[in-house]
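Written below as structure tokens is the structure these notes are about.
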Amino acid sequence: MPGVATVYRWELTKLRYQRRTYLGLGAAVLVPILFVVAVHFRHDRHGGDFAFSSYLTRSGLAVPLVILLFGAVWLFPLITALVAGDIIASEDHNGTLKTIFTRSLERGQIFAGKAFATATYAVVAVLLAGTVGVIAGSIQSGFNPLQSLSGTVVSAPKALELVYVSLLIYLIPIAAIVSIGLLLSAVTRNSAAAVVGTLMFSLLMQLLGILPGLTGAQPYLLSTQFNAWQGLLRTPIDWAPIVRAVWVCALYAVPALFAALLVFVRRDVAGG
């Protein structure tokens with residue numbers, strides 16, 4: 001797939017010079033740091049009386065996990081949407097799509113290159129946030145053993161392994177957000193509309209999850225899959241939510257990605 005690899009490199013190069021990329025990665029770095037600083041001052045002023053205080057003050061390895069828990073509401077969907085919603089629509093805005101289509105590449109290859117570049121950015125953002133969370137948390141609370149959700153104590157090296165596996169599991173629903181962002185980017189041809197639309201879709205999933213009378217649908221909402229990583233922190237490991245996340249997220253991601261591809265390959269740019 002030399003054509004896809006070529007586009008992939010082009011897109012990664014362009015991402016290095018785009019403000020949205022650094023806004024997203026900057027947020028991935030700053031939020032864990034600010035979170036740890038807030039926990040530090042909260043603990044100094046009010047003792048241990050705050051949410052997750054026992055976890056956050058006993059082990060710094062709890063920090064990235066708590067960030068994953070709360071970041072599903074807006075942080076990581078927004079970071080993902082900044083690039084996913086822009087990577088196709090920006091070509092329309094800049095008038096460069098026609099030029100790209102005239103190159104000796106198939107439109108499917110161009111789309112695949114853009115999709116892989118967006119996915120790479122999302123992976124880097126999530127792993128970066130987790131790594132910064134581990135470092136900042138360990139400085140604040142120490143690189144100590146972590147208590148699992150089942151009450152057992154996990155050694156620090158094993159807990160670190162579970163943190164990074166959790167980050168990988170977290171990328172499953174993130175992949176669905178990437179697909180939806182690409183679809184909106186291709187359909188709306190407007191970066192702002194696609195970014196906001198992707199974030200609003202994620203927030204809508206969160207809202208549906210707390211509405212009364214919809215408890216039966218909750219296991220199949222995209223928002224629920226952001227919690228699948230918690231199965232790793234049980235003894236024994238609960239694989240059921242992780243397996244469900246794989247196929248449920250595929251139900252969101254595959255149709256959205258296919259629809260985005262169809263819109264992209266059928267795009268008429270003759271008129272600009």
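By order in the structure tokens, chains are A, B, ...; within a chain, residues start at 1; ligands start at 1, following the order shown.
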Practice item. List every residue of range 150-189 of chain A that DSSP, applied to the backbone, labels as alpha helix (DSSP H), and write the result as a ChimeraX atom specification. Key: /A:156-188
Review point. Neighbours of Leu204 in chain A within 9 Å (only C-alpha atoms; same-chain residues fewer than 5 positions away dropped), as a PyMOL selection string?
Key: chain A and resi 199+209+223
Practice item. Could you give me, as an MDAnalysis selection string, the residues within 12 Å of Ala5 in chain A, counting only C-alpha atoms and dropping anything in the same chain fewer than 3 positions from it? Key: chainID A and resid 1:2 8:12 105 109:117
Write to file, as a compact mmCIF listing (two decimals), in the first residue's frame, the residues of the selection just made, with N, CA and C atoms.
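Dumped everything to part-v9.txt:
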# COMPACT_ATOMS: atom_id res chain seq x y z
N MET A 1 0.83 -1.20 0.00
CA MET A 1 0.00 0.00 0.00
C MET A 1 0.87 1.26 0.00
N PRO A 2 1.73 1.41 -1.00
CA PRO A 2 2.63 2.59 -1.03
C PRO A 2 1.87 3.90 -1.12
N TYR A 8 -0.25 9.07 4.19
CA TYR A 8 -0.09 9.06 5.64
C TYR A 8 1.05 9.97 6.08
N ARG A 9 2.18 9.89 5.37
CA ARG A 9 3.32 10.75 5.70
C ARG A 9 2.99 12.21 5.43
N TRP A 10 2.29 12.48 4.32
CA TRP A 10 1.88 13.86 4.02
C TRP A 10 1.04 14.42 5.16
N GLU A 11 0.06 13.63 5.58
CA GLU A 11 -0.87 14.11 6.60
C GLU A 11 -0.17 14.32 7.94
N LEU A 12 0.73 13.42 8.30
CA LEU A 12 1.46 13.61 9.55
C LEU A 12 2.32 14.87 9.50
N LEU A 105 -3.05 9.18 -7.29
CA LEU A 105 -3.49 8.36 -6.17
C LEU A 105 -5.00 8.18 -6.24
N GLN A 109 -7.23 5.65 -1.34
CA GLN A 109 -5.92 5.71 -0.71
C GLN A 109 -5.73 7.01 0.06
N ILE A 110 -6.21 8.10 -0.53
CA ILE A 110 -6.12 9.39 0.15
C ILE A 110 -6.92 9.36 1.44
N PHE A 111 -8.13 8.82 1.38
CA PHE A 111 -8.97 8.75 2.57
C PHE A 111 -8.31 7.88 3.64
N ALA A 112 -7.77 6.72 3.24
CA ALA A 112 -7.14 5.82 4.19
C ALA A 112 -5.95 6.49 4.87
N GLY A 113 -5.16 7.22 4.09
CA GLY A 113 -4.02 7.93 4.67
C GLY A 113 -4.45 8.95 5.71
N LYS A 114 -5.52 9.69 5.39
CA LYS A 114 -6.04 10.67 6.34
C LYS A 114 -6.58 9.99 7.60
N ALA A 115 -7.28 8.87 7.42
CA ALA A 115 -7.85 8.15 8.56
C ALA A 115 -6.75 7.61 9.47
N PHE A 116 -5.70 7.04 8.89
CA PHE A 116 -4.60 6.51 9.69
C PHE A 116 -3.85 7.63 10.41
N ALA A 117 -3.70 8.77 9.76
CA ALA A 117 -3.03 9.90 10.40
C ALA A 117 -3.84 10.41 11.59
Review point. Do you know which residues are at most 8 Å from Ile169 in chain A counting only C-alpha atoms, after dropping those on the same chain fewer than 5 positions away, and could you put them as an MDAnalysis selection string?
Key: chainID A and resid 228:229 242
Selection from above, N, CA, C and O atoms, as a PDB file, in the first residue's frame, can you write it?
ATOM      1  N   ALA A 228     -14.999   0.505  29.706  1.00  0.00           N
ATOM      2  CA  ALA A 228     -14.667  -0.918  29.559  1.00  0.00           C
ATOM      3  C   ALA A 228     -13.345  -1.270  30.222  1.00  0.00           C
ATOM      4  O   ALA A 228     -13.165  -2.384  30.735  1.00  0.00           O
ATOM      5  N   TRP A 229     -12.397  -0.327  30.254  1.00  0.00           N
ATOM      6  CA  TRP A 229     -11.081  -0.579  30.841  1.00  0.00           C
ATOM      7  C   TRP A 229     -11.154  -0.947  32.314  1.00  0.00           C
ATOM      8  O   TRP A 229     -10.234  -1.581  32.857  1.00  0.00           O
ATOM      9  N   ILE A 242     -15.018  -5.455  28.047  1.00  0.00           N
ATOM     10  CA  ILE A 242     -14.011  -5.188  27.021  1.00  0.00           C
ATOM     11  C   ILE A 242     -14.433  -5.808  25.689  1.00  0.00           C
ATOM     12  O   ILE A 242     -14.351  -5.171  24.637  1.00  0.00           O
TER      13      ILE A 242
END
Practice item. Would you please work out which residue, of A:Thr21, A:Gln230, A:Thr57, A:Ser166, is nearest to Ile139 in chain A when using only C-alpha atoms? Key: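 Of A:Thr21, A:Gln230, A:Thr57, A:Ser166, the one nearest Ile139 in chain A, counting only C-alpha atoms, is A:Thr57.
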Check your understanding: Got a sec: who's within 10 Å of Ser141 in chain A, counting only C-alpha atoms, leaving out chain neighbours fewer than 6 positions off, as an MDAnalysis selection string?
Key -> chainID A and resid 36 39:40 55:63
Could you write out that same residue set with C-alpha atoms as a PDB file, in the first residue's frame?
ATOM      1  CA  VAL A  36      -2.534  16.754  40.094  1.00  0.00           C
ATOM      2  CA  VAL A  39      -5.511  17.386  44.097  1.00  0.00           C
ATOM      3  CA  HIS A  40      -2.404  18.597  45.920  1.00  0.00           C
ATOM      4  CA  TYR A  55      -6.882   6.402  45.596  1.00  0.00           C
ATOM      5  CA  LEU A  56      -5.265   9.624  44.451  1.00  0.00           C
ATOM      6  CA  THR A  57      -3.263  10.226  47.615  1.00  0.00           C
ATOM      7  CA  ARG A  58      -2.070   6.654  48.117  1.00  0.00           C
ATOM      8  CA  SER A  59      -0.693   6.039  44.646  1.00  0.00           C
ATOM      9  CA  GLY A  60       0.144   8.311  41.747  1.00  0.00           C
ATOM     10  CA  LEU A  61      -0.836   5.488  39.387  1.00  0.00           C
ATOM     11  CA  ALA A  62      -4.476   6.267  40.149  1.00  0.00           C
ATOM     12  CA  VAL A  63      -4.188   9.670  38.449  1.00  0.00           C
TER      13      VAL A  63
END
Check your understanding: Using only C-alpha atoms, which residues sit within 10 Å of Leu78 in chain A once same-chain residues fewer than 6 positions away are excluded, as number ranges by chain?
Key -> A: 24, 27, 71-72, 84-85, 177, 195-196, 198-200, 202
Can you list, as a tab-separated table (two decimals) with all heavy atoms, in the first residue's frame, every protein, DNA or RNA residue that comes within 12 Å of Val134 in chain A when you count only C-alpha atoms, leaving out same-chain residues fewer than 2 positions away?
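Saved to selection-v6.tsv:
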chain	number	residue	atom	x	y	z
A	29	VAL	N	-1.47	17.16	27.74
A	29	VAL	CA	-0.38	17.33	28.69
A	29	VAL	C	-0.80	18.16	29.90
A	29	VAL	O	-0.53	17.80	31.06
A	29	VAL	CB	0.84	18.01	28.01
A	29	VAL	CG1	1.89	18.39	29.03
A	29	VAL	CG2	1.44	17.07	26.96
A	32	PRO	N	-3.67	16.61	32.90
A	32	PRO	CA	-3.17	15.79	34.02
A	32	PRO	C	-2.35	16.59	35.03
A	32	PRO	O	-2.45	16.36	36.25
A	32	PRO	CB	-2.30	14.73	33.33
A	32	PRO	CG	-2.83	14.65	31.94
A	32	PRO	CD	-3.24	16.06	31.60
A	33	ILE	N	-1.54	17.53	34.52
A	33	ILE	CA	-0.73	18.34	35.43
A	33	ILE	C	-1.62	19.21	36.32
A	33	ILE	O	-1.43	19.28	37.54
A	33	ILE	CB	0.26	19.20	34.64
A	33	ILE	CG1	1.29	18.31	33.92
A	33	ILE	CG2	0.97	20.20	35.56
A	33	ILE	CD1	2.23	19.06	33.02
A	35	PHE	N	-4.68	18.71	37.03
A	35	PHE	CA	-5.45	17.83	37.91
A	35	PHE	C	-4.65	17.47	39.15
A	35	PHE	O	-5.16	17.53	40.28
A	35	PHE	CB	-5.84	16.57	37.14
A	35	PHE	CG	-6.65	15.59	37.95
A	35	PHE	CD1	-7.99	15.79	38.15
A	35	PHE	CD2	-6.04	14.47	38.51
A	35	PHE	CE1	-8.75	14.89	38.89
A	35	PHE	CE2	-6.78	13.56	39.25
A	35	PHE	CZ	-8.14	13.78	39.45
A	36	VAL	N	-3.38	17.11	38.96
A	36	VAL	CA	-2.53	16.75	40.09
A	36	VAL	C	-2.32	17.96	41.01
A	36	VAL	O	-2.34	17.83	42.24
A	36	VAL	CB	-1.18	16.19	39.59
A	36	VAL	CG1	-0.19	16.07	40.75
A	36	VAL	CG2	-1.39	14.83	38.94
A	56	LEU	N	-6.18	8.63	45.01
A	56	LEU	CA	-5.26	9.62	44.45
A	56	LEU	C	-4.12	9.98	45.38
A	56	LEU	O	-3.04	10.37	44.91
A	56	LEU	CB	-6.04	10.89	44.10
A	56	LEU	CG	-7.04	10.75	42.94
A	56	LEU	CD1	-7.93	11.99	42.85
A	56	LEU	CD2	-6.31	10.52	41.63
A	59	SER	N	-1.53	6.45	45.77
A	59	SER	CA	-0.69	6.04	44.65
A	59	SER	C	-0.88	6.99	43.47
A	59	SER	O	-2.02	7.28	43.08
A	59	SER	CB	-1.03	4.60	44.21
A	59	SER	OG	-0.32	4.25	43.04
A	60	GLY	N	0.22	7.44	42.91
A	60	GLY	CA	0.14	8.31	41.75
A	60	GLY	C	-0.37	7.59	40.52
A	60	GLY	O	-0.80	8.23	39.55
A	61	LEU	N	-0.36	6.26	40.53
A	61	LEU	CA	-0.84	5.49	39.39
A	61	LEU	C	-2.35	5.56	39.24
A	61	LEU	O	-2.89	5.14	38.21
A	61	LEU	CB	-0.39	4.03	39.53
A	61	LEU	CG	1.13	3.81	39.46
A	61	LEU	CD1	1.49	2.37	39.79
A	61	LEU	CD2	1.64	4.18	38.08
A	62	ALA	N	-3.03	6.09	40.25
A	62	ALA	CA	-4.48	6.27	40.15
A	62	ALA	C	-4.84	7.48	39.30
A	62	ALA	O	-5.94	7.56	38.77
A	62	ALA	CB	-5.08	6.42	41.54
A	63	VAL	N	-3.90	8.42	39.16
A	63	VAL	CA	-4.19	9.67	38.45
A	63	VAL	C	-4.63	9.44	37.01
A	63	VAL	O	-5.68	9.94	36.59
A	63	VAL	CB	-2.98	10.63	38.52
A	63	VAL	CG1	-3.17	11.81	37.57
A	63	VAL	CG2	-2.79	11.13	39.94
A	64	PRO	N	-3.87	8.70	36.18
A	64	PRO	CA	-4.32	8.52	34.79
A	64	PRO	C	-5.65	7.80	34.69
A	64	PRO	O	-6.43	8.05	33.76
A	64	PRO	CB	-3.18	7.71	34.15
A	64	PRO	CG	-2.48	7.07	35.29
A	64	PRO	CD	-2.58	8.04	36.42
A	65	LEU	N	-5.94	6.91	35.64
A	65	LEU	CA	-7.20	6.17	35.60
A	65	LEU	C	-8.39	7.08	35.91
A	65	LEU	O	-9.44	6.99	35.26
A	65	LEU	CB	-7.15	5.00	36.58
A	65	LEU	CG	-6.05	3.97	36.31
A	65	LEU	CD1	-6.05	2.90	37.39
A	65	LEU	CD2	-6.22	3.35	34.93
A	66	VAL	N	-8.22	7.97	36.87
A	66	VAL	CA	-9.29	8.92	37.20
A	66	VAL	C	-9.49	9.90	36.05
A	66	VAL	O	-10.62	10.28	35.73
A	66	VAL	CB	-8.98	9.66	38.52
A	66	VAL	CG1	-10.03	10.73	38.79
A	66	VAL	CG2	-8.93	8.67	39.68
A	67	ILE	N	-8.40	10.28	35.39
A	67	ILE	CA	-8.52	11.17	34.23
A	67	ILE	C	-9.26	10.48	33.10
A	67	ILE	O	-10.08	11.10	32.42
A	67	ILE	CB	-7.11	11.64	33.78
A	67	ILE	CG1	-6.53	12.60	34.82
A	67	ILE	CG2	-7.18	12.31	32.40
A	67	ILE	CD1	-5.11	13.02	34.53
A	127	LEU	N	-2.08	8.28	24.92
A	127	LEU	CA	-0.89	7.76	25.60
A	127	LEU	C	-0.09	8.88	26.26
A	127	LEU	O	0.49	8.69	27.33
A	127	LEU	CB	-0.01	7.01	24.60
A	127	LEU	CG	-0.60	5.72	24.02
A	127	LEU	CD1	0.40	5.06	23.07
A	127	LEU	CD2	-0.99	4.75	25.13
A	128	LEU	N	-0.08	10.05	25.63
A	128	LEU	CA	0.62	11.20	26.21
A	128	LEU	C	-0.05	11.63	27.51
A	128	LEU	O	0.62	11.88	28.51
A	128	LEU	CB	0.64	12.36	25.22
A	128	LEU	CG	1.44	13.60	25.61
A	128	LEU	CD1	2.90	13.25	25.84
A	128	LEU	CD2	1.31	14.67	24.53
A	129	ALA	N	-1.37	11.71	27.49
A	129	ALA	CA	-2.11	12.09	28.70
A	129	ALA	C	-1.87	11.08	29.82
A	129	ALA	O	-1.66	11.44	30.98
A	129	ALA	CB	-3.60	12.20	28.39
A	130	GLY	N	-1.89	9.80	29.46
A	130	GLY	CA	-1.65	8.76	30.47
A	130	GLY	C	-0.25	8.81	31.04
A	130	GLY	O	-0.06	8.68	32.25
A	131	THR	N	0.73	9.03	30.18
A	131	THR	CA	2.12	9.08	30.64
A	131	THR	C	2.38	10.28	31.54
A	131	THR	O	3.03	10.16	32.59
A	131	THR	CB	3.07	9.12	29.43
A	131	THR	OG1	2.87	7.94	28.63
A	131	THR	CG2	4.51	9.20	29.87
A	132	VAL	N	1.86	11.43	31.13
A	132	VAL	CA	2.01	12.62	31.97
A	132	VAL	C	1.29	12.42	33.30
A	132	VAL	O	1.79	12.83	34.35
A	132	VAL	CB	1.47	13.87	31.24
A	132	VAL	CG1	1.47	15.09	32.17
A	132	VAL	CG2	2.30	14.17	30.00
A	136	ALA	N	3.28	12.81	36.75
A	136	ALA	CA	2.85	13.85	37.70
A	136	ALA	C	2.26	13.22	38.96
A	136	ALA	O	2.52	13.70	40.08
A	136	ALA	CB	1.82	14.76	37.02
A	137	GLY	N	1.47	12.18	38.79
A	137	GLY	CA	0.88	11.52	39.95
A	137	GLY	C	1.92	10.86	40.83
A	137	GLY	O	1.81	10.91	42.07
A	138	SER	N	2.93	10.26	40.22
A	138	SER	CA	3.99	9.60	41.01
A	138	SER	C	4.81	10.61	41.77
A	138	SER	O	5.27	10.35	42.89
A	138	SER	CB	4.88	8.76	40.08
A	138	SER	OG	4.13	7.72	39.47
A	139	ILE	N	5.03	11.79	41.17
A	139	ILE	CA	5.74	12.85	41.88
A	139	ILE	C	4.94	13.32	43.09
A	139	ILE	O	5.49	13.57	44.17
A	139	ILE	CB	6.03	14.03	40.93
A	139	ILE	CG1	7.03	13.62	39.85
A	139	ILE	CG2	6.55	15.24	41.70
A	139	ILE	CD1	7.25	14.66	38.78
A	140	GLN	N	3.63	13.42	42.92
A	140	GLN	CA	2.77	13.91	43.99
A	140	GLN	C	2.53	12.86	45.07
A	140	GLN	O	2.68	13.14	46.26
A	140	GLN	CB	1.43	14.36	43.40
A	140	GLN	CG	0.30	14.54	44.39
A	140	GLN	CD	0.57	15.61	45.43
A	140	GLN	OE1	1.36	16.53	45.18
A	140	GLN	NE2	-0.06	15.49	46.59
A	141	SER	N	2.13	11.66	44.67
A	141	SER	CA	1.69	10.66	45.65
A	141	SER	C	2.58	9.43	45.72
A	141	SER	O	2.33	8.54	46.53
A	141	SER	CB	0.25	10.21	45.32
A	141	SER	OG	-0.64	11.32	45.30
A	142	GLY	N	3.57	9.36	44.86
A	142	GLY	CA	4.49	8.23	44.91
A	142	GLY	C	4.13	7.12	43.94
A	142	GLY	O	2.96	6.94	43.59
A	143	PHE	N	5.17	6.37	43.52
A	143	PHE	CA	4.99	5.23	42.64
A	143	PHE	C	4.70	4.02	43.53
A	143	PHE	O	5.56	3.19	43.78
A	143	PHE	CB	6.23	5.02	41.79
A	143	PHE	CG	6.10	3.96	40.73
A	143	PHE	CD1	5.30	4.16	39.62
A	143	PHE	CD2	6.79	2.77	40.86
A	143	PHE	CE1	5.19	3.18	38.65
A	143	PHE	CE2	6.69	1.79	39.89
A	143	PHE	CZ	5.89	1.99	38.79
A	144	ASN	N	3.46	3.95	44.02
A	144	ASN	CA	3.08	2.98	45.03
A	144	ASN	C	2.10	1.95	44.49
A	144	ASN	O	1.50	2.15	43.43
A	144	ASN	CB	2.43	3.71	46.22
A	144	ASN	CG	3.37	4.73	46.84
A	144	ASN	OD1	4.58	4.49	46.94
A	144	ASN	ND2	2.82	5.87	47.25
A	156	ALA	N	3.16	-1.94	42.24
A	156	ALA	CA	3.32	-0.77	41.37
A	156	ALA	C	3.69	-1.15	39.93
A	156	ALA	O	3.09	-0.63	38.98
A	156	ALA	CB	4.36	0.18	41.97
A	157	PRO	N	4.64	-2.06	39.71
A	157	PRO	CA	4.94	-2.43	38.31
A	157	PRO	C	3.75	-3.06	37.59
A	157	PRO	O	3.50	-2.76	36.42
A	157	PRO	CB	6.10	-3.44	38.46
A	157	PRO	CG	6.74	-3.09	39.76
A	157	PRO	CD	5.60	-2.67	40.64
A	159	ALA	N	0.60	-2.55	38.38
A	159	ALA	CA	-0.39	-1.49	38.21
A	159	ALA	C	-0.03	-0.61	37.02
A	159	ALA	O	-0.92	-0.18	36.27
A	159	ALA	CB	-0.48	-0.65	39.48
A	160	LEU	N	1.26	-0.34	36.83
A	160	LEU	CA	1.69	0.45	35.68
A	160	LEU	C	1.33	-0.26	34.38
A	160	LEU	O	0.88	0.37	33.42
A	160	LEU	CB	3.20	0.70	35.75
A	160	LEU	CG	3.80	1.52	34.62
A	160	LEU	CD1	3.23	2.94	34.61
A	160	LEU	CD2	5.32	1.57	34.72
A	161	GLU	N	1.53	-1.56	34.35
A	161	GLU	CA	1.15	-2.35	33.18
A	161	GLU	C	-0.35	-2.25	32.92
A	161	GLU	O	-0.78	-2.07	31.78
A	161	GLU	CB	1.55	-3.81	33.39
A	161	GLU	CG	1.13	-4.74	32.28
A	161	GLU	CD	1.43	-6.19	32.61
A	161	GLU	OE1	2.38	-6.45	33.38
A	161	GLU	OE2	0.72	-7.08	32.09
A	162	LEU	N	-1.15	-2.34	34.00
A	162	LEU	CA	-2.61	-2.25	33.85
A	162	LEU	C	-3.03	-0.86	33.37
A	162	LEU	O	-4.00	-0.74	32.61
A	162	LEU	CB	-3.28	-2.57	35.19
A	162	LEU	CG	-3.21	-4.02	35.65
A	162	LEU	CD1	-3.82	-4.17	37.04
A	162	LEU	CD2	-3.91	-4.94	34.66
A	163	VAL	N	-2.30	0.17	33.79
A	163	VAL	CA	-2.61	1.52	33.34
A	163	VAL	C	-2.47	1.62	31.83
A	163	VAL	O	-3.37	2.14	31.13
A	163	VAL	CB	-1.70	2.56	34.03
A	163	VAL	CG1	-1.77	3.91	33.31
A	163	VAL	CG2	-2.09	2.73	35.49
A	164	TYR	N	-1.38	1.10	31.30
A	164	TYR	CA	-1.15	1.24	29.85
A	164	TYR	C	-2.05	0.32	29.04
A	164	TYR	O	-2.48	0.69	27.93
A	164	TYR	CB	0.32	1.00	29.52
A	164	TYR	CG	1.13	2.26	29.73
A	164	TYR	CD1	1.82	2.47	30.91
A	164	TYR	CD2	1.16	3.25	28.76
A	164	TYR	CE1	2.54	3.64	31.12
A	164	TYR	CE2	1.88	4.43	28.96
A	164	TYR	CZ	2.56	4.61	30.14
A	164	TYR	OH	3.26	5.79	30.33
A	167	LEU	N	-5.22	2.21	28.84
A	167	LEU	CA	-5.16	3.25	27.81
A	167	LEU	C	-5.44	2.66	26.43
A	167	LEU	O	-6.13	3.27	25.61
A	167	LEU	CB	-3.79	3.92	27.82
A	167	LEU	CG	-3.44	4.75	29.07
A	167	LEU	CD1	-1.98	5.20	29.01
A	167	LEU	CD2	-4.36	5.96	29.19
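For the pair CA of Leu182 in chain A and CA of Ala260 in chain A, the separation is 6.3 Å.
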Exercise for review: Check range 6-252 of chain A with DSSP on the backbone and list each residue it calls strand (DSSP E or B), as an MDAnalysis selection string.
Suggested key: chainID A and resid 146:147 153:154
Study note, to complete from the structure: Nearest to Ala81 in chain A, restricted to only C-alpha atoms and choosing among A:Ser185, A:Gln18, A:Ser150, A:Thr235, comes out as A:Ser185
**Study point:** Pick from A:Ala250, A:Arg20, A:Leu75, A:Leu233, whichever lies nearest to Gly151 in chain A using only C-alpha atoms
**Key:** A:Leu233
Practice item. Could you check how far CA of Gln206 in chain A sits from CA of Val73 in chain A, in Å to one decimal? Key: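 CA of Gln206 in chain A sits 6.8 Å away from CA of Val73 in chain A.
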